[in-house]
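Shown below: my_file_2.tsv, with TSV, C-alpha atoms.
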chain	number	residue	atom	x	y	z
A	1	MET	CA	-122.52	-49.51	-137.92
A	2	SER	CA	-122.62	-48.07	-141.44
A	3	THR	CA	-121.02	-50.04	-144.28
A	4	SER	CA	-120.47	-46.98	-146.48
A	5	SER	CA	-117.11	-47.07	-148.20
A	6	ILE	CA	-115.14	-45.94	-151.24
A	7	GLN	CA	-112.99	-48.23	-153.37
A	8	VAL	CA	-110.37	-47.06	-155.89
A	9	GLU	CA	-109.39	-49.68	-158.49
A	10	MET	CA	-106.52	-49.22	-160.93
A	11	LEU	CA	-107.43	-50.22	-164.50
A	12	ALA	CA	-104.31	-49.04	-166.34
A	13	LYS	CA	-100.78	-47.85	-165.74
A	14	HIS	CA	-100.06	-44.46	-164.22
A	15	SER	CA	-99.53	-41.89	-166.96
A	16	SER	CA	-95.77	-41.95	-166.41
A	17	GLY	CA	-95.70	-45.68	-167.20
A	18	LYS	CA	-97.53	-45.41	-170.52
A	19	ASP	CA	-95.69	-45.30	-173.82
A	20	HIS	CA	-96.46	-41.78	-174.99
A	21	ILE	CA	-94.61	-42.29	-178.26
A	22	ALA	CA	-97.19	-44.92	-179.28
A	23	MET	CA	-100.23	-42.78	-178.37
A	24	THR	CA	-102.33	-41.36	-181.19
A	25	GLY	CA	-104.61	-38.70	-179.73
A	26	GLY	CA	-108.37	-38.73	-180.24
A	27	THR	CA	-108.86	-41.39	-177.57
A	28	LEU	CA	-110.57	-41.85	-174.21
A	29	ALA	CA	-109.51	-44.70	-171.93
A	30	ALA	CA	-110.29	-45.56	-168.29
A	31	ASP	CA	-107.38	-45.45	-165.82
A	32	LYS	CA	-109.28	-45.92	-162.54
A	33	ARG	CA	-112.71	-47.02	-161.33
A	34	ILE	CA	-114.10	-45.57	-158.11
A	35	THR	CA	-117.15	-47.06	-156.40
A	36	GLY	CA	-119.13	-46.18	-153.31
A	37	THR	CA	-121.98	-47.85	-151.48
A	38	VAL	CA	-123.87	-44.55	-151.65
A	39	PRO	CA	-123.52	-41.81	-154.33
A	40	LEU	CA	-120.12	-40.21	-154.70
A	41	ARG	CA	-119.35	-36.53	-154.34
A	42	LEU	CA	-116.29	-34.63	-155.59
A	43	GLN	CA	-114.45	-32.12	-153.43
A	44	HIS	CA	-112.48	-29.46	-155.33
A	45	ASP	CA	-109.83	-27.29	-153.66
A	46	PHE	CA	-107.77	-24.64	-155.44
A	47	PHE	CA	-104.19	-23.85	-154.38
A	48	PRO	CA	-102.90	-20.61	-155.92
A	49	VAL	CA	-99.27	-20.39	-157.01
A	50	THR	CA	-98.92	-17.27	-159.13
A	51	ALA	CA	-100.75	-15.40	-161.91
A	52	VAL	CA	-100.85	-15.74	-165.68
A	53	VAL	CA	-98.24	-13.29	-166.93
A	54	THR	CA	-99.59	-12.82	-170.45
A	55	ALA	CA	-102.08	-14.41	-172.80
A	56	GLU	CA	-99.65	-14.03	-175.69
A	57	PRO	CA	-97.38	-16.96	-176.67
A	58	GLY	CA	-93.70	-16.40	-175.97
A	59	PRO	CA	-90.73	-17.29	-173.74
A	60	GLU	CA	-92.16	-15.69	-170.60
A	61	ARG	CA	-95.40	-17.67	-170.82
A	62	ASP	CA	-93.52	-20.85	-171.76
A	63	ARG	CA	-91.25	-20.57	-168.73
A	64	LEU	CA	-94.18	-20.02	-166.38
A	65	PHE	CA	-96.03	-23.09	-167.62
A	66	ALA	CA	-92.84	-25.17	-167.72
A	67	GLY	CA	-92.48	-24.48	-164.01
A	68	ILE	CA	-96.12	-25.38	-163.31
A	69	HIS	CA	-95.84	-28.53	-165.45
A	70	SER	CA	-92.71	-29.60	-163.58
A	71	ILE	CA	-94.37	-29.13	-160.18
A	72	GLU	CA	-97.38	-31.09	-161.45
A	73	HIS	CA	-95.17	-34.06	-162.33
A	74	ALA	CA	-93.34	-33.88	-159.01
A	75	LEU	CA	-96.58	-33.74	-157.01
A	76	ALA	CA	-97.67	-36.98	-158.69
A	77	SER	CA	-94.43	-38.90	-158.40
A	78	PRO	CA	-92.67	-40.93	-155.66
A	79	ASP	CA	-89.51	-39.38	-157.16
A	80	GLY	CA	-90.90	-35.93	-156.35
A	81	GLY	CA	-93.18	-34.64	-153.61
A	82	ASP	CA	-95.67	-37.53	-153.88
A	83	LEU	CA	-98.76	-35.62	-152.73
A	84	ARG	CA	-100.72	-38.79	-152.01
A	85	ALA	CA	-97.98	-40.07	-149.71
A	86	ARG	CA	-97.94	-36.73	-147.91
A	87	LEU	CA	-101.74	-36.88	-147.59
A	88	ALA	CA	-101.51	-40.38	-146.12
A	89	GLU	CA	-99.05	-39.01	-143.55
A	90	ALA	CA	-100.98	-35.83	-142.77
A	91	SER	CA	-104.29	-37.65	-142.36
A	92	GLY	CA	-102.90	-40.68	-140.55
A	93	ALA	CA	-105.37	-42.72	-142.61
A	94	GLY	CA	-102.94	-44.51	-144.90
A	95	PRO	CA	-102.56	-44.94	-148.66
A	96	GLU	CA	-106.07	-46.28	-149.37
A	97	TYR	CA	-107.52	-43.05	-148.04
A	98	ALA	CA	-105.00	-40.92	-149.95
A	99	ALA	CA	-105.91	-42.75	-153.18
A	100	ARG	CA	-109.23	-40.89	-153.07
A	101	LEU	CA	-107.28	-37.86	-154.26
A	102	ILE	CA	-107.93	-38.68	-157.91
A	103	ASP	CA	-106.57	-35.55	-159.56
A	104	MET	CA	-104.23	-32.63	-158.94
A	105	SER	CA	-104.04	-30.57	-162.11
A	106	PRO	CA	-102.98	-27.08	-163.17
A	107	TYR	CA	-105.98	-24.76	-163.08
A	108	ILE	CA	-106.86	-21.15	-163.94
A	109	PRO	CA	-110.05	-20.07	-162.14
A	110	GLY	CA	-112.26	-17.77	-164.15
A	111	LEU	CA	-110.63	-18.39	-167.53
A	112	LEU	CA	-113.91	-19.49	-169.09
A	113	TYR	CA	-115.49	-16.07	-168.59
A	114	ALA	CA	-112.49	-13.73	-168.53
A	115	ALA	CA	-112.05	-10.95	-171.06
A	116	ASP	CA	-108.26	-11.21	-170.61
A	117	ALA	CA	-106.33	-14.16	-169.19
A	118	ALA	CA	-103.41	-12.00	-168.04
A	119	GLY	CA	-103.50	-11.56	-164.27
A	120	LEU	CA	-105.76	-14.54	-163.58
A	121	PRO	CA	-104.64	-16.82	-160.73
A	122	LEU	CA	-102.72	-19.93	-161.77
A	123	GLY	CA	-102.23	-22.91	-159.50
A	124	PHE	CA	-103.50	-26.42	-158.87
A	125	ARG	CA	-106.96	-27.81	-158.30
A	126	SER	CA	-107.32	-31.05	-156.39
A	127	THR	CA	-110.25	-33.45	-156.78
A	128	PHE	CA	-111.01	-35.70	-153.82
A	129	VAL	CA	-113.74	-38.36	-153.79
A	130	THR	CA	-116.17	-38.38	-150.86
A	131	LEU	CA	-119.63	-39.81	-150.23
A	132	GLU	CA	-122.75	-37.65	-150.42
A	133	VAL	CA	-123.85	-39.11	-147.10
A	134	ALA	CA	-121.32	-40.55	-144.67
A	135	ALA	CA	-121.86	-41.87	-141.18
A	136	PRO	CA	-120.41	-39.82	-138.29
A	137	GLY	CA	-116.78	-40.74	-137.66
A	138	GLU	CA	-116.46	-42.57	-140.96
A	139	GLN	CA	-113.57	-41.57	-143.22
A	140	ALA	CA	-115.72	-41.15	-146.30
A	141	GLY	CA	-116.62	-37.50	-145.95
A	142	PRO	CA	-114.65	-34.43	-147.09
A	143	VAL	CA	-110.94	-34.32	-146.38
A	144	ALA	CA	-110.24	-31.59	-143.83
A	145	THR	CA	-108.87	-28.49	-145.53
A	146	ASP	CA	-106.04	-28.08	-143.04
A	147	THR	CA	-105.01	-31.72	-143.66
A	148	LEU	CA	-104.93	-31.15	-147.41
A	149	LEU	CA	-102.96	-27.92	-146.95
A	150	SER	CA	-100.46	-29.66	-144.71
A	151	ALA	CA	-99.92	-32.41	-147.30
A	152	TYR	CA	-99.57	-29.89	-150.13
A	153	ARG	CA	-97.04	-27.78	-148.24
A	154	ALA	CA	-95.03	-30.86	-147.28
A	155	ALA	CA	-95.00	-32.05	-150.89
A	156	LEU	CA	-93.74	-28.68	-152.13
A	157	GLU	CA	-90.96	-28.71	-149.55
A	158	VAL	CA	-89.85	-32.18	-150.68
A	159	ILE	CA	-89.91	-31.07	-154.34
A	160	ARG	CA	-87.86	-27.99	-153.49
A	161	GLN	CA	-85.26	-30.11	-151.72
A	162	ARG	CA	-84.99	-32.57	-154.62
A	163	PHE	CA	-84.77	-29.91	-157.32
A	164	GLN	CA	-82.20	-27.93	-155.31
A	165	ALA	CA	-80.13	-31.13	-155.13
A	166	GLY	CA	-80.12	-31.25	-158.94
A	167	GLU	CA	-82.58	-34.12	-159.35
A	168	PRO	CA	-84.44	-34.14	-162.70
A	169	VAL	CA	-88.13	-33.47	-163.18
A	170	PRO	CA	-89.89	-36.85	-162.80
A	171	PHE	CA	-91.10	-38.63	-165.96
A	172	SER	CA	-89.96	-35.89	-168.32
A	173	THR	CA	-88.78	-38.08	-171.21
A	174	PRO	CA	-90.54	-38.47	-174.60
A	175	GLU	CA	-91.70	-41.94	-173.54
A	176	ALA	CA	-93.34	-40.64	-170.35
A	177	CYS	CA	-94.58	-37.12	-171.18
A	178	GLY	CA	-96.65	-35.60	-173.97
A	179	GLN	CA	-94.56	-32.41	-174.05
A	180	TYR	CA	-91.27	-33.46	-172.52
A	181	ASN	CA	-89.53	-30.22	-173.51
A	182	LEU	CA	-91.93	-28.09	-171.42
A	183	HIS	CA	-90.09	-28.65	-168.13
A	184	SER	CA	-87.80	-26.55	-165.98
A	185	ALA	CA	-86.71	-27.44	-162.46
A	186	GLU	CA	-85.25	-23.93	-162.17
A	187	ALA	CA	-88.59	-22.28	-163.04
A	188	ALA	CA	-90.34	-24.71	-160.70
A	189	LEU	CA	-88.07	-23.70	-157.81
A	190	GLU	CA	-88.91	-20.03	-158.36
A	191	LEU	CA	-92.62	-20.85	-158.28
A	192	ILE	CA	-92.34	-23.12	-155.23
A	193	GLU	CA	-91.00	-20.22	-153.17
A	194	VAL	CA	-93.97	-18.13	-154.28
A	195	ALA	CA	-96.38	-21.04	-153.74
A	196	LEU	CA	-95.24	-21.69	-150.18
A	197	GLN	CA	-95.82	-18.05	-149.35
A	198	ALA	CA	-99.21	-18.13	-151.12
A	199	VAL	CA	-100.55	-21.19	-149.25
A	200	PRO	CA	-103.67	-19.72	-147.62
A	201	GLY	CA	-105.21	-20.56	-144.27
A	202	PRO	CA	-107.94	-23.23	-144.25
A	203	GLY	CA	-110.69	-20.62	-144.06
A	204	SER	CA	-109.61	-18.92	-147.29
A	205	VAL	CA	-109.16	-21.94	-149.58
A	206	ALA	CA	-111.49	-21.86	-152.59
A	207	GLU	CA	-113.44	-25.07	-152.10
A	208	SER	CA	-116.48	-26.50	-153.87
A	209	PHE	CA	-118.39	-29.76	-154.08
A	210	ALA	CA	-120.04	-31.52	-157.01
A	211	ALA	CA	-122.62	-34.27	-156.57
A	212	THR	CA	-122.33	-37.05	-159.14
A	213	GLY	CA	-125.59	-38.88	-158.43
A	214	ALA	CA	-123.63	-42.05	-159.10
A	215	THR	CA	-122.03	-44.84	-157.09
A	216	GLU	CA	-119.51	-45.42	-159.89
A	217	LEU	CA	-116.98	-43.02	-161.41
A	218	TYR	CA	-114.18	-43.52	-163.92
A	219	VAL	CA	-110.96	-41.48	-164.08
A	220	CYS	CA	-110.02	-41.40	-167.76
A	221	ASP	CA	-107.14	-40.41	-169.98
A	222	LEU	CA	-108.64	-38.09	-172.60
A	223	ARG	CA	-105.78	-37.80	-175.07
A	224	LEU	CA	-106.93	-35.04	-177.41
A	225	VAL	CA	-103.78	-34.81	-179.54
A	226	LYS	CA	-100.74	-36.97	-180.14
A	227	PRO	CA	-97.90	-36.54	-177.61
A	228	ARG	CA	-94.76	-34.94	-178.97
A	229	LEU	CA	-92.39	-37.38	-180.64
A	230	PRO	CA	-88.65	-37.31	-179.83
A	231	GLY	CA	-87.03	-34.26	-181.40
A	232	ALA	CA	-90.31	-33.12	-183.03
A	233	PHE	CA	-90.28	-29.65	-181.51
A	234	ASP	CA	-92.45	-28.21	-184.30
A	235	GLN	CA	-95.17	-30.82	-183.75
A	236	GLN	CA	-98.47	-29.15	-182.84
A	237	VAL	CA	-99.85	-29.69	-179.36
A	238	LEU	CA	-102.51	-27.67	-177.53
A	239	ASP	CA	-101.99	-23.99	-176.80
A	240	LEU	CA	-101.02	-23.48	-173.16
A	241	LEU	CA	-104.13	-21.40	-172.46
A	242	GLY	CA	-106.34	-22.86	-175.19
A	243	GLY	CA	-106.02	-26.30	-173.61
A	244	HIS	CA	-107.11	-24.91	-170.24
A	245	LEU	CA	-110.07	-23.24	-171.89
A	246	ILE	CA	-111.16	-26.50	-173.54
A	247	SER	CA	-110.90	-28.27	-170.18
A	248	GLN	CA	-113.26	-25.77	-168.57
A	249	GLN	CA	-115.63	-25.81	-171.56
A	250	ILE	CA	-115.91	-29.61	-171.29
A	251	GLU	CA	-116.67	-29.37	-167.59
A	252	GLU	CA	-119.23	-26.61	-168.15
A	253	GLU	CA	-121.12	-28.16	-171.04
A	254	ALA	CA	-120.92	-31.96	-170.82
A	255	ALA	CA	-123.10	-33.86	-168.34
A	256	ASN	CA	-121.51	-35.84	-165.48
A	257	LEU	CA	-117.96	-34.91	-166.50
A	258	THR	CA	-115.19	-33.16	-164.55
A	259	ALA	CA	-111.93	-32.30	-166.28
A	260	GLY	CA	-108.36	-31.82	-165.06
A	261	ASN	CA	-105.89	-30.21	-167.45
A	262	PHE	CA	-102.74	-32.03	-168.58
A	263	GLY	CA	-99.83	-29.65	-168.05
A	264	CYS	CA	-98.21	-31.22	-171.11
A	265	SER	CA	-101.00	-29.71	-173.28
A	266	THR	CA	-102.12	-32.93	-174.95
A	267	GLY	CA	-105.41	-33.59	-173.18
A	268	GLU	CA	-107.26	-33.97	-169.91
A	269	TYR	CA	-107.95	-36.24	-167.02
A	270	LEU	CA	-111.68	-36.79	-167.39
A	271	MET	CA	-113.77	-37.88	-164.41
A	272	VAL	CA	-116.86	-39.61	-165.82
A	273	ALA	CA	-119.76	-40.37	-163.46
A	274	ASN	CA	-122.10	-43.26	-164.23
A	275	PRO	CA	-125.51	-42.47	-162.67
A	276	GLN	CA	-127.36	-44.69	-165.16
A	277	ARG	CA	-125.11	-47.68	-164.44
A	278	LEU	CA	-124.14	-48.20	-168.06
A	279	ASP	CA	-121.48	-50.71	-168.97
A	280	GLN	CA	-118.01	-49.20	-169.21
A	281	ASP	CA	-117.72	-49.21	-173.00
A	282	THR	CA	-121.14	-47.59	-173.48
A	283	LEU	CA	-120.44	-44.97	-170.82
A	284	LEU	CA	-117.08	-43.95	-172.24
A	285	GLN	CA	-118.39	-43.92	-175.80
A	286	ARG	CA	-121.15	-41.53	-174.75
A	287	ALA	CA	-118.72	-39.37	-172.76
A	288	HIS	CA	-116.34	-39.17	-175.71
A	289	ARG	CA	-119.21	-38.15	-177.97
A	290	GLU	CA	-120.15	-35.37	-175.53
A	291	VAL	CA	-116.54	-34.18	-175.56
A	292	ALA	CA	-116.57	-34.17	-179.35
A	293	GLY	CA	-119.77	-32.12	-179.30
A	294	THR	CA	-118.12	-29.55	-177.04
A	295	LEU	CA	-115.07	-29.45	-179.33
A	296	ALA	CA	-117.30	-28.89	-182.36
A	297	GLU	CA	-119.00	-25.96	-180.65
A	298	SER	CA	-115.71	-24.49	-179.42
A	299	GLY	CA	-114.14	-24.91	-182.85
A	300	SER	CA	-116.79	-22.73	-184.45
A	301	TYR	CA	-115.61	-19.60	-182.62
A	302	THR	CA	-114.69	-16.77	-185.01
A	303	GLY	CA	-114.45	-13.80	-182.63
A	304	ALA	CA	-111.52	-11.60	-181.65
A	305	ASP	CA	-110.62	-13.07	-178.25
A	306	ALA	CA	-107.07	-14.48	-178.55
A	307	VAL	CA	-107.49	-17.32	-176.05
A	308	ARG	CA	-110.80	-18.41	-177.56
A	309	ARG	CA	-109.26	-18.31	-181.03
A	310	ALA	CA	-106.44	-20.53	-179.79
A	311	GLY	CA	-108.99	-22.82	-178.15
A	312	ALA	CA	-110.96	-23.01	-181.41
A	313	VAL	CA	-107.84	-24.03	-183.35
A	314	ASP	CA	-107.09	-26.67	-180.70
A	315	ALA	CA	-110.67	-27.93	-180.76
A	316	ARG	CA	-110.63	-28.40	-184.53
A	317	PHE	CA	-107.23	-30.08	-184.32
A	318	SER	CA	-108.52	-32.42	-181.61
A	319	LEU	CA	-111.55	-33.31	-183.71
A	320	GLU	CA	-109.22	-34.30	-186.55
A	321	HIS	CA	-107.62	-36.83	-184.21
A	322	ILE	CA	-111.02	-38.19	-183.16
A	323	GLU	CA	-112.13	-38.43	-186.78
A	324	ARG	CA	-109.02	-40.42	-187.63
A	325	TYR	CA	-108.73	-42.68	-184.58
A	326	SER	CA	-112.20	-42.78	-182.95
A	327	PRO	CA	-114.74	-41.84	-185.64
A	328	MET	CA	-117.61	-43.52	-183.77
A	329	SER	CA	-117.22	-40.83	-181.09
A	330	LEU	CA	-118.08	-37.97	-183.42
A	331	PRO	CA	-121.47	-36.32	-182.83
A	332	SER	CA	-124.10	-37.21	-185.41
Take the structure from the file and write it as C-alpha cells.
Amino acid sequence: MSTSSIQVEMLAKHSSGKDHIAMTGGTLAADKRITGTVPLRLQHDFFPVTAVVTAEPGPERDRLFAGIHSIEHALASPDGGDLRARLAEASGAGPEYAARLIDMSPYIPGLLYAADAAGLPLGFRSTFVTLEVAAPGEQAGPVATDTLLSAYRAALEVIRQRFQAGEPVPFSTPEACGQYNLHSAEAALELIEVALQAVPGPGSVAESFAATGATELYVCDLRLVKPRLPGAFDQQVLDLLGGHLISQQIEEEAANLTAGNFGCSTGEYLMVANPQRLDQDTLLQRAHREVAGTLAESGSYTGADAVRRAGAVDARFSLEHIERYSPMSLPS
C-alpha cells in the first residue's frame, strides 16, 4: 500500500482574523505549509461569473468588483457559502481533504496579453493541491471536476440565501478587510444569479495543472500595500484591474510562484514552492525579492495601455512599501 499523502498545516490566522489596521504593506508572510511524500502538483479550475464591463475606473466597474469581492469573502467564510465545507460534503472525504483547496480568488483569464480588458471573462480560479504521482484509489490525485462544480454551486446557493435574508458580507469591517468599503451584497446577488446560470458542465471547465517539483509549498500573504484605514476613503490601494495584472505578471515571471488576487486590492495570496528545500525564512526572502523584481519591471512601463499604466503605478507604489518595511527584499 502506498504511503503518499498531503498535509496542510496552518501557520497563521485566516485573513479574516488578522488585524488589517495594523498591517503595513510591503510584506510577505506564510499562512499555511503544505507537504507531500512525493512532489506536489497544483490543479487550477476557472469558474466564469460575468465579464469585465469596462477598463475605465468608475461606478459601474466599482459595483462589479464589489459584487465579486463580496462573493469571494462569502465563499471563504463559515458565515457565507463556505466552499471548503461544501467540497467536504460533495466529495464525502471530509475537511482534511477539502483543506487541499488552498485558494479561490477572483481571476480574469487573458488579462496579461489583452489589448483591452473590457469584455474579458471575470470569475474565480480555484487552486487545489494534488500529488504528481498518486497510487490508484488514493485521494491525493486531482479533485473530480464535477465534484468541484457541485461544491461551488452549493456554496453560491447558500450565499444567495444568506444575502437575500439580509445577512452582511462576511468579514467586511476595517479590522478584517483591506478595502472594507468595496462590498455589496446586492451586487453579489445579481452576479450569483448570472454565475449559477454560467456554471459549465465538467467537460467545459477551463482546467490546468502546474508541477511544483517540490514536496513542500507555502501559502503566503503578500501584502503589497497598506489596507485601508477606517474612514480613509481617499487612501490609495491597488487599481481594480492593475492589481489583477500584477498578480498575473508575478505568476508569469517569478519561478515557483503562483498568485491569487485579493479582491480587496491590497495584495495577493502567493503559493511558494520549495524544490530546493530551503529553510522557510530563506525561501520567503528569495520569493519576496523575485516579486520585487517583477514590480520593478512592471513599474517601468511607459506605454499607452490604460491597464498597464495603472499596473505600473501600483507596482511603483508597492515597491515604496517594500523599501520602507522590507528593504532587504529589494532586488540588488
Go through range 145-237 of chain A residue by residue and, counting all atoms listed in the file, keep those with an atom at most 12 Å from range 324-332 of chain A; for each kept residue give the shortest atom pair and its distance in Å to one decimal, ordered by chain and increasing number, as CSV.
residue,atom,partner,partner_atom,distance
A:Leu222,CA,A:Ser326,CA,11.9
A:Arg223,CA,A:Tyr325,CA,11.1
A:Leu224,CA,A:Tyr325,CA,10.6
A:Val225,CA,A:Tyr325,CA,10.6
A:Lys226,CA,A:Tyr325,CA,10.8
Could you give me the centre and size, in Å to one decimal, of an axis-aligned box around all listed atoms of range 252-264 of chain A with 5 Å added on every side, as JSON?
{"center_x": -110.7, "center_y": -31.2, "center_z": -167.8, "size_x": 34.9, "size_y": 19.2, "size_z": 16.6}
(request) Would you mind reading off the distance between CA of Gly263 in chain A and CA of Leu229 in chain A, one decimal, in Å? (result) 16.5 Å
Ile68 in chain A surroundings by all atoms listed in the file, 12 Å radius, close-in-sequence under 3 positions cut, as an mmCIF file with C-alpha atoms, in the frame of the given file:
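Written out: part22.cif:
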data_model
loop_
_atom_site.group_PDB
_atom_site.id
_atom_site.type_symbol
_atom_site.label_atom_id
_atom_site.label_comp_id
_atom_site.auth_asym_id
_atom_site.auth_seq_id
_atom_site.Cartn_x
_atom_site.Cartn_y
_atom_site.Cartn_z
ATOM 1 C CA PRO A 48 -102.900 -20.610 -155.920
ATOM 2 C CA VAL A 49 -99.270 -20.390 -157.010
ATOM 3 C CA THR A 50 -98.920 -17.270 -159.130
ATOM 4 C CA ALA A 51 -100.750 -15.400 -161.910
ATOM 5 C CA VAL A 52 -100.850 -15.740 -165.680
ATOM 6 C CA ARG A 61 -95.400 -17.670 -170.820
ATOM 7 C CA ASP A 62 -93.520 -20.850 -171.760
ATOM 8 C CA ARG A 63 -91.250 -20.570 -168.730
ATOM 9 C CA LEU A 64 -94.180 -20.020 -166.380
ATOM 10 C CA PHE A 65 -96.030 -23.090 -167.620
ATOM 11 C CA ILE A 71 -94.370 -29.130 -160.180
ATOM 12 C CA GLU A 72 -97.380 -31.090 -161.450
ATOM 13 C CA HIS A 73 -95.170 -34.060 -162.330
ATOM 14 C CA ALA A 74 -93.340 -33.880 -159.010
ATOM 15 C CA LEU A 75 -96.580 -33.740 -157.010
ATOM 16 C CA MET A 104 -104.230 -32.630 -158.940
ATOM 17 C CA SER A 105 -104.040 -30.570 -162.110
ATOM 18 C CA PRO A 106 -102.980 -27.080 -163.170
ATOM 19 C CA TYR A 107 -105.980 -24.760 -163.080
ATOM 20 C CA ILE A 108 -106.860 -21.150 -163.940
ATOM 21 C CA LEU A 122 -102.720 -19.930 -161.770
ATOM 22 C CA GLY A 123 -102.230 -22.910 -159.500
ATOM 23 C CA PHE A 124 -103.500 -26.420 -158.870
ATOM 24 C CA LEU A 156 -93.740 -28.680 -152.130
ATOM 25 C CA VAL A 169 -88.130 -33.470 -163.180
ATOM 26 C CA LEU A 182 -91.930 -28.090 -171.420
ATOM 27 C CA HIS A 183 -90.090 -28.650 -168.130
ATOM 28 C CA SER A 184 -87.800 -26.550 -165.980
ATOM 29 C CA ALA A 185 -86.710 -27.440 -162.460
ATOM 30 C CA GLU A 186 -85.250 -23.930 -162.170
ATOM 31 C CA ALA A 187 -88.590 -22.280 -163.040
ATOM 32 C CA ALA A 188 -90.340 -24.710 -160.700
ATOM 33 C CA LEU A 189 -88.070 -23.700 -157.810
ATOM 34 C CA GLU A 190 -88.910 -20.030 -158.360
ATOM 35 C CA LEU A 191 -92.620 -20.850 -158.280
ATOM 36 C CA ILE A 192 -92.340 -23.120 -155.230
ATOM 37 C CA VAL A 194 -93.970 -18.130 -154.280
ATOM 38 C CA ALA A 195 -96.380 -21.040 -153.740
ATOM 39 C CA LEU A 240 -101.020 -23.480 -173.160
ATOM 40 C CA ASN A 261 -105.890 -30.210 -167.450
ATOM 41 C CA PHE A 262 -102.740 -32.030 -168.580
ATOM 42 C CA GLY A 263 -99.830 -29.650 -168.050
ATOM 43 C CA CYS A 264 -98.210 -31.220 -171.110
ATOM 44 C CA SER A 265 -101.000 -29.710 -173.280
#
(request) Fewer than 5 positions away in the same chain doesn't count, so skip those; otherwise give me all residues within 8 Å of range 209-217 of chain A, counting only C-alpha atoms, as a list in words. (result) Arg33, Ile34, Thr35, Gly36, Thr37, Val38, Pro39, Leu40, Arg41, Leu42, Gln43, His44, Glu132, Asn256, Met271, Val272, Ala273, Asn274, Pro275, Gln276 and Arg277 of chain A
For C-alpha atoms, I'd like the residues from the last selection saved as a PDB file, in the frame of the given file.
ATOM      1  CA  ARG A  33    -112.710 -47.020-161.330  1.00  0.00           C
ATOM      2  CA  ILE A  34    -114.100 -45.570-158.110  1.00  0.00           C
ATOM      3  CA  THR A  35    -117.150 -47.060-156.400  1.00  0.00           C
ATOM      4  CA  GLY A  36    -119.130 -46.180-153.310  1.00  0.00           C
ATOM      5  CA  THR A  37    -121.980 -47.850-151.480  1.00  0.00           C
ATOM      6  CA  VAL A  38    -123.870 -44.550-151.650  1.00  0.00           C
ATOM      7  CA  PRO A  39    -123.520 -41.810-154.330  1.00  0.00           C
ATOM      8  CA  LEU A  40    -120.120 -40.210-154.700  1.00  0.00           C
ATOM      9  CA  ARG A  41    -119.350 -36.530-154.340  1.00  0.00           C
ATOM     10  CA  LEU A  42    -116.290 -34.630-155.590  1.00  0.00           C
ATOM     11  CA  GLN A  43    -114.450 -32.120-153.430  1.00  0.00           C
ATOM     12  CA  HIS A  44    -112.480 -29.460-155.330  1.00  0.00           C
ATOM     13  CA  GLU A 132    -122.750 -37.650-150.420  1.00  0.00           C
ATOM     14  CA  ASN A 256    -121.510 -35.840-165.480  1.00  0.00           C
ATOM     15  CA  MET A 271    -113.770 -37.880-164.410  1.00  0.00           C
ATOM     16  CA  VAL A 272    -116.860 -39.610-165.820  1.00  0.00           C
ATOM     17  CA  ALA A 273    -119.760 -40.370-163.460  1.00  0.00           C
ATOM     18  CA  ASN A 274    -122.100 -43.260-164.230  1.00  0.00           C
ATOM     19  CA  PRO A 275    -125.510 -42.470-162.670  1.00  0.00           C
ATOM     20  CA  GLN A 276    -127.360 -44.690-165.160  1.00  0.00           C
ATOM     21  CA  ARG A 277    -125.110 -47.680-164.440  1.00  0.00           C
TER      22      ARG A 277
END
(request) State, in Å with one decimal place, the distance from CA of Ile102 in chain A to CA of Ala315 in chain A. (result) 25.4 Å
(message) Nearest residue to Pro174 in chain A out of A:Gln7, A:Ser247, A:Ser208, A:Ser16, using only C-alpha atoms?
(response) A:Ser16
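If you measure from each of A:Ala117, A:Phe47, A:Leu28, A:Cys220 to Leu196 in chain A using only C-alpha atoms, the closest one turns out to be A:Phe47.
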(request) Give the answer as one residue: which of A:Pro230, A:Pro95, A:Glu320, A:Pro59 has the shortest atom-to-atom distance to Glu175 in chain A, using all atoms listed in the file? (result) A:Pro230
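Atom pair CA of Glu268 in chain A / CA of Glu323 in chain A has a distance of 18.1 Å (rounded to one decimal).
Minimum distance to Leu257 in chain A across A:Glu290, A:Asp116, A:Asp221, A:Glu60 (counting all atoms listed in the file) occurs at A:Glu290.
When all atoms listed in the file are used to measure the gap to Leu283 in chain A, the shortest distance among A:His14, A:Leu319, A:Tyr218, A:Ser77 belongs to A:Tyr218.
Counting all atoms listed in the file, Val291 in chain A has the following residues at most 9 Å away, ignoring those fewer than 2 positions along the same chain: A:Ile250, A:Glu253, A:Ala254, A:Arg286, A:Ala287, A:His288, A:Arg289, A:Gly293, A:Thr294, A:Leu295, A:Ala296, A:Ser329, A:Leu330.
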(request) Using all atoms listed in the file, give me every residue within 9 Å of (-98.2, -30.8, -151.1) in file coordinates, as an MDAnalysis selection string. (result) chainID A and resid 75 81:84 86:87 148:159
(request) Using only C-alpha atoms, find the one residue out of A:Ser300, A:Thr54, A:Ser204, A:Ser126 that sits nearest to Ala76 in chain A. (result) A:Ser126
